[in-house]
$ cat coords.txt   # compact mmCIF, C-alpha atoms
# COMPACT_ATOMS: atom_id res chain seq x y z
CA MET A 18 49.95 23.59 -63.24
CA SER A 19 51.54 20.54 -64.84
CA ALA A 20 51.49 20.13 -68.61
CA GLU A 21 50.08 16.62 -68.00
CA THR A 22 46.99 18.04 -66.31
CA THR A 23 43.67 16.78 -67.63
CA ARG A 24 42.10 19.67 -69.50
CA ARG A 25 38.71 20.34 -71.03
CA ILE A 26 37.79 22.14 -74.21
CA VAL A 27 34.17 23.24 -74.34
CA LEU A 28 33.05 24.03 -77.88
CA PHE A 29 29.88 26.12 -77.92
CA ARG A 30 28.23 26.95 -81.23
CA HIS A 31 26.37 30.27 -81.20
CA ALA A 32 22.60 30.14 -80.78
CA LYS A 33 20.17 30.47 -83.70
CA ALA A 34 20.86 33.63 -85.71
CA ASP A 35 18.48 35.81 -87.65
CA TRP A 36 18.97 36.65 -91.34
CA PRO A 37 18.34 40.41 -91.58
CA ASP A 38 19.84 42.43 -94.42
CA VAL A 39 23.17 43.08 -92.67
CA ASP A 40 26.75 41.93 -93.12
CA ASP A 41 27.18 38.31 -91.93
CA HIS A 42 29.50 39.38 -89.11
CA GLU A 43 26.74 41.64 -87.71
CA ARG A 44 23.86 39.13 -87.78
CA PRO A 45 22.00 39.12 -84.42
CA LEU A 46 20.32 36.20 -82.71
CA ALA A 47 16.82 35.18 -83.70
CA GLU A 48 14.12 34.95 -81.03
CA ARG A 49 14.78 31.19 -80.65
CA GLY A 50 18.49 31.93 -80.21
CA ARG A 51 17.77 34.44 -77.45
CA LYS A 52 15.76 31.72 -75.68
CA ASP A 53 18.28 28.90 -76.26
CA ALA A 54 21.45 30.74 -75.16
CA PRO A 55 20.52 30.96 -71.43
CA VAL A 56 19.36 27.32 -71.53
CA ALA A 57 22.78 26.36 -72.88
CA GLY A 58 24.39 28.41 -70.11
CA ARG A 59 22.35 26.53 -67.51
CA TRP A 60 23.39 23.19 -69.03
CA LEU A 61 27.02 24.26 -68.92
CA ALA A 62 26.65 25.41 -65.29
CA GLY A 63 25.20 22.01 -64.37
CA SER A 64 27.87 20.07 -66.27
CA GLY A 65 30.56 20.65 -63.68
CA VAL A 66 32.84 22.44 -66.16
CA THR A 67 34.13 25.75 -64.82
CA PRO A 68 36.04 27.44 -67.64
CA ASP A 69 39.10 29.47 -66.72
CA LEU A 70 38.99 31.31 -70.03
CA ALA A 71 36.37 31.95 -72.72
CA LEU A 72 37.43 32.71 -76.28
CA CYS A 73 34.53 34.23 -78.20
CA SER A 74 34.29 35.10 -81.87
CA THR A 75 33.81 38.80 -82.54
CA ALA A 76 30.64 38.19 -84.60
CA ALA A 77 27.47 39.75 -83.17
CA ARG A 78 25.67 36.40 -82.82
CA THR A 79 28.49 34.81 -80.79
CA ARG A 80 28.88 37.85 -78.54
CA GLU A 81 25.11 37.91 -77.95
CA THR A 82 25.05 34.14 -77.25
CA TRP A 83 27.81 34.56 -74.66
CA LYS A 84 26.15 37.63 -73.11
CA LEU A 85 22.97 35.57 -72.54
CA ALA A 86 24.69 32.32 -71.46
CA ALA A 87 27.41 33.69 -69.16
CA PRO A 88 25.11 34.94 -66.35
CA GLU A 89 23.92 31.34 -65.86
CA LEU A 90 27.41 30.21 -64.81
CA VAL A 91 28.45 30.08 -61.18
CA GLN A 92 31.60 32.03 -62.02
CA ARG A 93 32.12 33.92 -65.27
CA PRO A 94 35.53 33.22 -66.80
CA ARG A 95 37.85 35.85 -68.22
CA THR A 96 36.63 36.49 -71.77
CA VAL A 97 38.75 37.32 -74.81
CA TYR A 98 37.02 38.31 -78.05
CA GLU A 99 39.08 36.62 -80.75
CA GLU A 100 38.74 37.80 -84.36
CA ARG A 101 40.38 34.64 -85.70
CA LEU A 102 37.43 32.49 -84.57
CA TYR A 103 35.13 34.07 -87.17
CA GLU A 104 35.14 31.98 -90.37
CA ALA A 105 38.11 29.98 -89.02
CA SER A 106 39.25 26.79 -90.71
CA LEU A 107 40.00 23.67 -88.68
CA GLY A 108 43.73 24.43 -88.87
CA GLU A 109 43.20 28.00 -87.70
CA LEU A 110 41.10 26.81 -84.75
CA ILE A 111 43.78 24.33 -83.69
CA ALA A 112 46.40 27.10 -83.99
CA VAL A 113 44.34 29.29 -81.63
CA LEU A 114 44.09 26.42 -79.11
CA ASN A 115 47.86 25.83 -79.34
CA GLU A 116 48.42 29.41 -78.12
CA VAL A 117 46.42 28.97 -74.88
CA SER A 118 48.48 29.24 -71.71
CA ASP A 119 49.03 26.04 -69.77
CA GLU A 120 47.70 27.93 -66.73
CA VAL A 121 44.24 27.33 -68.29
CA SER A 122 42.69 24.02 -67.32
CA ASP A 123 39.21 24.42 -68.84
CA LEU A 124 38.68 26.48 -71.99
CA LEU A 125 35.38 27.58 -73.51
CA VAL A 126 35.28 28.50 -77.21
CA ILE A 127 32.16 30.24 -78.57
CA GLY A 128 32.21 30.00 -82.34
CA HIS A 129 30.58 28.97 -85.58
CA ASN A 130 29.89 26.00 -87.78
CA PRO A 131 31.34 24.33 -89.70
CA GLY A 132 34.37 25.04 -87.49
CA MET A 133 32.96 23.94 -84.11
CA HIS A 134 31.74 20.63 -85.52
CA ALA A 135 34.94 20.01 -87.48
CA LEU A 136 37.07 20.76 -84.41
CA ALA A 137 35.01 18.54 -82.09
CA ASP A 138 35.15 15.69 -84.60
CA ALA A 139 38.87 16.11 -85.31
CA LEU A 140 39.95 16.28 -81.66
CA SER A 141 37.76 13.38 -80.51
CA GLY A 142 39.94 10.31 -81.02
CA GLU A 143 37.64 8.54 -78.54
CA ALA A 144 34.17 9.17 -77.15
CA ASP A 145 32.01 8.05 -74.28
CA GLY A 146 29.11 5.83 -75.36
CA ASP A 147 27.35 6.91 -78.56
CA LEU A 148 28.34 10.59 -78.25
CA LEU A 149 30.43 10.83 -81.42
CA PRO A 150 27.85 9.30 -83.79
CA ARG A 151 25.10 11.32 -82.09
CA MET A 152 27.08 14.55 -82.50
CA ASN A 153 27.84 13.76 -86.13
CA ARG A 154 24.22 12.85 -86.92
CA SER A 155 23.02 16.12 -85.40
CA GLY A 156 25.42 18.27 -87.43
CA PHE A 157 26.26 20.20 -84.23
CA PRO A 158 23.14 22.39 -84.06
CA THR A 159 22.94 25.98 -82.91
CA ALA A 160 23.59 26.41 -79.17
CA GLY A 161 25.16 22.93 -79.18
CA ILE A 162 27.99 22.17 -76.76
CA ALA A 163 30.71 19.53 -76.95
CA VAL A 164 33.08 18.84 -74.04
CA ILE A 165 36.40 17.25 -74.97
CA THR A 166 38.98 16.12 -72.41
CA PHE A 167 42.67 15.60 -73.04
CA SER A 168 45.93 15.40 -71.11
CA GLY A 169 48.97 17.48 -71.82
CA SER A 170 49.83 20.95 -72.97
CA TRP A 171 47.70 23.19 -75.17
CA LYS A 172 50.65 23.25 -77.56
CA GLY A 173 50.04 19.51 -78.10
CA VAL A 174 46.39 19.84 -79.17
CA GLU A 175 46.04 18.03 -82.49
CA HIS A 176 43.81 15.57 -84.33
CA GLY A 177 42.66 12.65 -82.17
CA VAL A 178 44.18 13.94 -78.91
CA GLY A 179 40.95 13.97 -76.89
CA ARG A 180 37.88 12.14 -75.70
CA LEU A 181 34.39 13.48 -76.37
CA ALA A 182 33.00 13.44 -72.82
CA ALA A 183 29.68 15.24 -73.40
CA PHE A 184 27.51 16.53 -76.21
CA TRP A 185 24.36 18.56 -75.69
CA ALA A 186 22.00 20.63 -77.80
CA PRO A 187 18.77 22.35 -76.76
CA HIS A 188 16.55 20.71 -79.39
CA ALA A 189 18.32 17.36 -79.83

$ encode --input "coords.txt" --output "structure tokens"
Amino acid sequence: MSAETTRRIVLFRHAKADWPDVDDHERPLAERGRKDAPVAGRWLAGSGVTPDLALCSTAARTRETWKLAAPELVQRPRTVYEERLYEASLGELIAVLNEVSDEVSDLLVIGHNPGMHALADALSGEADGDLLPRMNRSGFPTAGIAVITFSGSWKGVEHGVGRLAAFWAPHA
């Protein structure tokens, strides 16, 4: 696959989490989150994006979101549970993307805010229609999904490299 291939990054914020008396990393989904995650999976399935690889934070709420969303996809991508996605800064998220193999055309990242929102905003040098202001007004809600396209190698992912092609959230 050529390094100049058009690629897609799908940023998927975990669904609504509960706040029980447990360590933050172990927080499960709330009832609304368990309902929204499959809906997000259906949206993704209908979007035409077929991820080759899914990188999922190791936090309980992201793993549960992915477990509920993945069965809605036509084909489930290879999944890697990535510890660095939990509480990752914008720079750390970009570093993870820079390590992705150029054999991957479409990448799905299941993570957390503020990182998912910051990454979508930083990478989106351009956007279709009113997507960027709409995403920024929404604050990238739980179970929200942003699809960013770019050309080139994953090693070249940096600020402003992409175009925000889609933004969706279950309650937006």

$ atom_distance --input "coords.txt" --atom1 "atom CA of Ala182 of chain A" --atom2 "atom CA of Glu143 of chain A"
8.8 Å

$ atom_distance --input "coords.txt" --atom1 "atom CA of Asp119 of chain A" --atom2 "atom CA of Ile26 of chain A"
12.7 Å

$ residues_around --input "coords.txt" --residues "segment 156-170 of chain A" --least-positions-apart "3" --cutoff "9 Å" --atoms "only C-alpha atoms" --output "VMD selection string"
chain A and resid 19 to 34 50 53 to 54 56 to 57 61 66 82 115 117 to 119 129 to 131 133 to 134 137 140 to 141 144 151 to 153 173 to 174 178 to 189

$ closest_residue --input "coords.txt" --among "A:Val113, A:Ala62, A:Val121, A:Leu70" --to "Thr96 of chain A" --atoms "all atoms listed in the file"
A:Leu70

$ residues_around --input "coords.txt" --residues "Pro37 of chain A" --least-positions-apart "5" --cutoff "12 Å" --atoms "only C-alpha atoms" --output "PyMOL selection string"
chain A and resi 42-47

$ atom_distance --input "coords.txt" --atom1 "atom CA of His176 of chain A" --atom2 "atom CA of Gly108 of chain A"
10.0 Å

$ axis_aligned_box --input "coords.txt" --around "segment 135-146 of chain A" --padding-each-side "8 Å" --output "lines of an AutoDock Vina configuration file"
center_x = 34.5
center_y = 13.3
center_z = -80.9
size_x = 26.8
size_y = 30.9
size_z = 29.2

$ residues_around --input "coords.txt" --residues "Pro88 of chain A" --least-positions-apart "4" --cutoff "10 Å" --atoms "only C-alpha atoms" --output "list of chain:residue names"
A:Pro55, A:Gly58, A:Arg59, A:Ala62, A:Trp83, A:Lys84, A:Gln92, A:Arg93

$ residues_around --input "coords.txt" --residues "Glu99 of chain A" --least-positions-apart "4" --cutoff "8 Å" --atoms "all atoms listed in the file" --output "NGL selection string"
:A and (72-75 or 103)

$ build_atoms --input "coords.txt" --residues "segment 128-157 of chain A" --atoms "N, CA and C atoms" --output "PDB file, in the coordinates of the input"
ATOM      1  N   GLY A 128      31.913  29.774 -80.932  1.00  0.00           N
ATOM      2  CA  GLY A 128      32.210  30.000 -82.340  1.00  0.00           C
ATOM      3  C   GLY A 128      31.092  29.565 -83.266  1.00  0.00           C
ATOM      4  N   HIS A 129      31.501  29.185 -84.454  1.00  0.00           N
ATOM      5  CA  HIS A 129      30.580  28.970 -85.580  1.00  0.00           C
ATOM      6  C   HIS A 129      30.762  27.587 -86.190  1.00  0.00           C
ATOM      7  N   ASN A 130      29.740  27.160 -86.907  1.00  0.00           N
ATOM      8  CA  ASN A 130      29.890  26.000 -87.780  1.00  0.00           C
ATOM      9  C   ASN A 130      30.294  26.507 -89.149  1.00  0.00           C
ATOM     10  N   PRO A 131      31.007  25.734 -89.928  1.00  0.00           N
ATOM     11  CA  PRO A 131      31.340  24.330 -89.700  1.00  0.00           C
ATOM     12  C   PRO A 131      32.529  24.104 -88.770  1.00  0.00           C
ATOM     13  N   GLY A 132      33.159  25.176 -88.286  1.00  0.00           N
ATOM     14  CA  GLY A 132      34.370  25.040 -87.490  1.00  0.00           C
ATOM     15  C   GLY A 132      34.201  24.295 -86.170  1.00  0.00           C
ATOM     16  N   MET A 133      33.138  24.608 -85.404  1.00  0.00           N
ATOM     17  CA  MET A 133      32.960  23.940 -84.110  1.00  0.00           C
ATOM     18  C   MET A 133      32.779  22.440 -84.292  1.00  0.00           C
ATOM     19  N   HIS A 134      31.969  22.050 -85.272  1.00  0.00           N
ATOM     20  CA  HIS A 134      31.740  20.630 -85.520  1.00  0.00           C
ATOM     21  C   HIS A 134      33.020  19.955 -86.003  1.00  0.00           C
ATOM     22  N   ALA A 135      33.711  20.584 -86.952  1.00  0.00           N
ATOM     23  CA  ALA A 135      34.940  20.010 -87.480  1.00  0.00           C
ATOM     24  C   ALA A 135      35.982  19.835 -86.373  1.00  0.00           C
ATOM     25  N   LEU A 136      36.097  20.830 -85.500  1.00  0.00           N
ATOM     26  CA  LEU A 136      37.070  20.760 -84.410  1.00  0.00           C
ATOM     27  C   LEU A 136      36.709  19.661 -83.423  1.00  0.00           C
ATOM     28  N   ALA A 137      35.443  19.590 -83.026  1.00  0.00           N
ATOM     29  CA  ALA A 137      35.010  18.540 -82.090  1.00  0.00           C
ATOM     30  C   ALA A 137      35.273  17.162 -82.679  1.00  0.00           C
ATOM     31  N   ASP A 138      34.949  16.985 -83.938  1.00  0.00           N
ATOM     32  CA  ASP A 138      35.150  15.690 -84.600  1.00  0.00           C
ATOM     33  C   ASP A 138      36.635  15.362 -84.712  1.00  0.00           C
ATOM     34  N   ALA A 139      37.437  16.343 -85.108  1.00  0.00           N
ATOM     35  CA  ALA A 139      38.870  16.110 -85.310  1.00  0.00           C
ATOM     36  C   ALA A 139      39.592  15.788 -83.999  1.00  0.00           C
ATOM     37  N   LEU A 140      39.251  16.480 -82.925  1.00  0.00           N
ATOM     38  CA  LEU A 140      39.950  16.280 -81.660  1.00  0.00           C
ATOM     39  C   LEU A 140      39.535  15.001 -80.949  1.00  0.00           C
ATOM     40  N   SER A 141      38.329  14.517 -81.239  1.00  0.00           N
ATOM     41  CA  SER A 141      37.760  13.380 -80.510  1.00  0.00           C
ATOM     42  C   SER A 141      38.246  12.052 -81.080  1.00  0.00           C
ATOM     43  N   GLY A 142      39.419  11.613 -80.624  1.00  0.00           N
ATOM     44  CA  GLY A 142      39.940  10.310 -81.020  1.00  0.00           C
ATOM     45  C   GLY A 142      39.129   9.192 -80.387  1.00  0.00           C
ATOM     46  N   GLU A 143      38.500   9.490 -79.257  1.00  0.00           N
ATOM     47  CA  GLU A 143      37.640   8.540 -78.540  1.00  0.00           C
ATOM     48  C   GLU A 143      36.408   9.302 -78.090  1.00  0.00           C
ATOM     49  N   ALA A 144      35.390   8.539 -77.666  1.00  0.00           N
ATOM     50  CA  ALA A 144      34.170   9.170 -77.150  1.00  0.00           C
ATOM     51  C   ALA A 144      33.504   8.239 -76.161  1.00  0.00           C
ATOM     52  N   ASP A 145      32.806   8.840 -75.208  1.00  0.00           N
ATOM     53  CA  ASP A 145      32.010   8.050 -74.280  1.00  0.00           C
ATOM     54  C   ASP A 145      30.729   7.618 -74.972  1.00  0.00           C
ATOM     55  N   GLY A 146      30.370   6.346 -74.826  1.00  0.00           N
ATOM     56  CA  GLY A 146      29.110   5.830 -75.360  1.00  0.00           C
ATOM     57  C   GLY A 146      28.909   6.134 -76.832  1.00  0.00           C
ATOM     58  N   ASP A 147      27.704   6.618 -77.164  1.00  0.00           N
ATOM     59  CA  ASP A 147      27.350   6.910 -78.560  1.00  0.00           C
ATOM     60  C   ASP A 147      27.486   8.407 -78.881  1.00  0.00           C
ATOM     61  N   LEU A 148      28.270   9.138 -78.093  1.00  0.00           N
ATOM     62  CA  LEU A 148      28.340  10.590 -78.250  1.00  0.00           C
ATOM     63  C   LEU A 148      28.830  11.025 -79.624  1.00  0.00           C
ATOM     64  N   LEU A 149      29.877  10.389 -80.145  1.00  0.00           N
ATOM     65  CA  LEU A 149      30.430  10.830 -81.420  1.00  0.00           C
ATOM     66  C   LEU A 149      29.450  10.616 -82.570  1.00  0.00           C
ATOM     67  N   PRO A 150      28.843   9.424 -82.719  1.00  0.00           N
ATOM     68  CA  PRO A 150      27.850   9.300 -83.790  1.00  0.00           C
ATOM     69  C   PRO A 150      26.651  10.220 -83.599  1.00  0.00           C
ATOM     70  N   ARG A 151      26.243  10.431 -82.347  1.00  0.00           N
ATOM     71  CA  ARG A 151      25.100  11.320 -82.090  1.00  0.00           C
ATOM     72  C   ARG A 151      25.449  12.759 -82.468  1.00  0.00           C
ATOM     73  N   MET A 152      26.661  13.202 -82.129  1.00  0.00           N
ATOM     74  CA  MET A 152      27.080  14.550 -82.500  1.00  0.00           C
ATOM     75  C   MET A 152      27.139  14.676 -84.028  1.00  0.00           C
ATOM     76  N   ASN A 153      27.691  13.687 -84.676  1.00  0.00           N
ATOM     77  CA  ASN A 153      27.840  13.760 -86.130  1.00  0.00           C
ATOM     78  C   ASN A 153      26.499  13.680 -86.846  1.00  0.00           C
ATOM     79  N   ARG A 154      25.570  12.904 -86.326  1.00  0.00           N
ATOM     80  CA  ARG A 154      24.220  12.850 -86.920  1.00  0.00           C
ATOM     81  C   ARG A 154      23.503  14.186 -86.781  1.00  0.00           C
ATOM     82  N   SER A 155      23.721  14.855 -85.668  1.00  0.00           N
ATOM     83  CA  SER A 155      23.020  16.120 -85.400  1.00  0.00           C
ATOM     84  C   SER A 155      23.563  17.270 -86.238  1.00  0.00           C
ATOM     85  N   GLY A 156      24.805  17.163 -86.705  1.00  0.00           N
ATOM     86  CA  GLY A 156      25.420  18.270 -87.430  1.00  0.00           C
ATOM     87  C   GLY A 156      25.845  19.418 -86.533  1.00  0.00           C
ATOM     88  N   PHE A 157      25.872  19.193 -85.225  1.00  0.00           N
ATOM     89  CA  PHE A 157      26.260  20.200 -84.230  1.00  0.00           C
ATOM     90  C   PHE A 157      25.364  21.434 -84.357  1.00  0.00           C
TER      91      PHE A 157
END
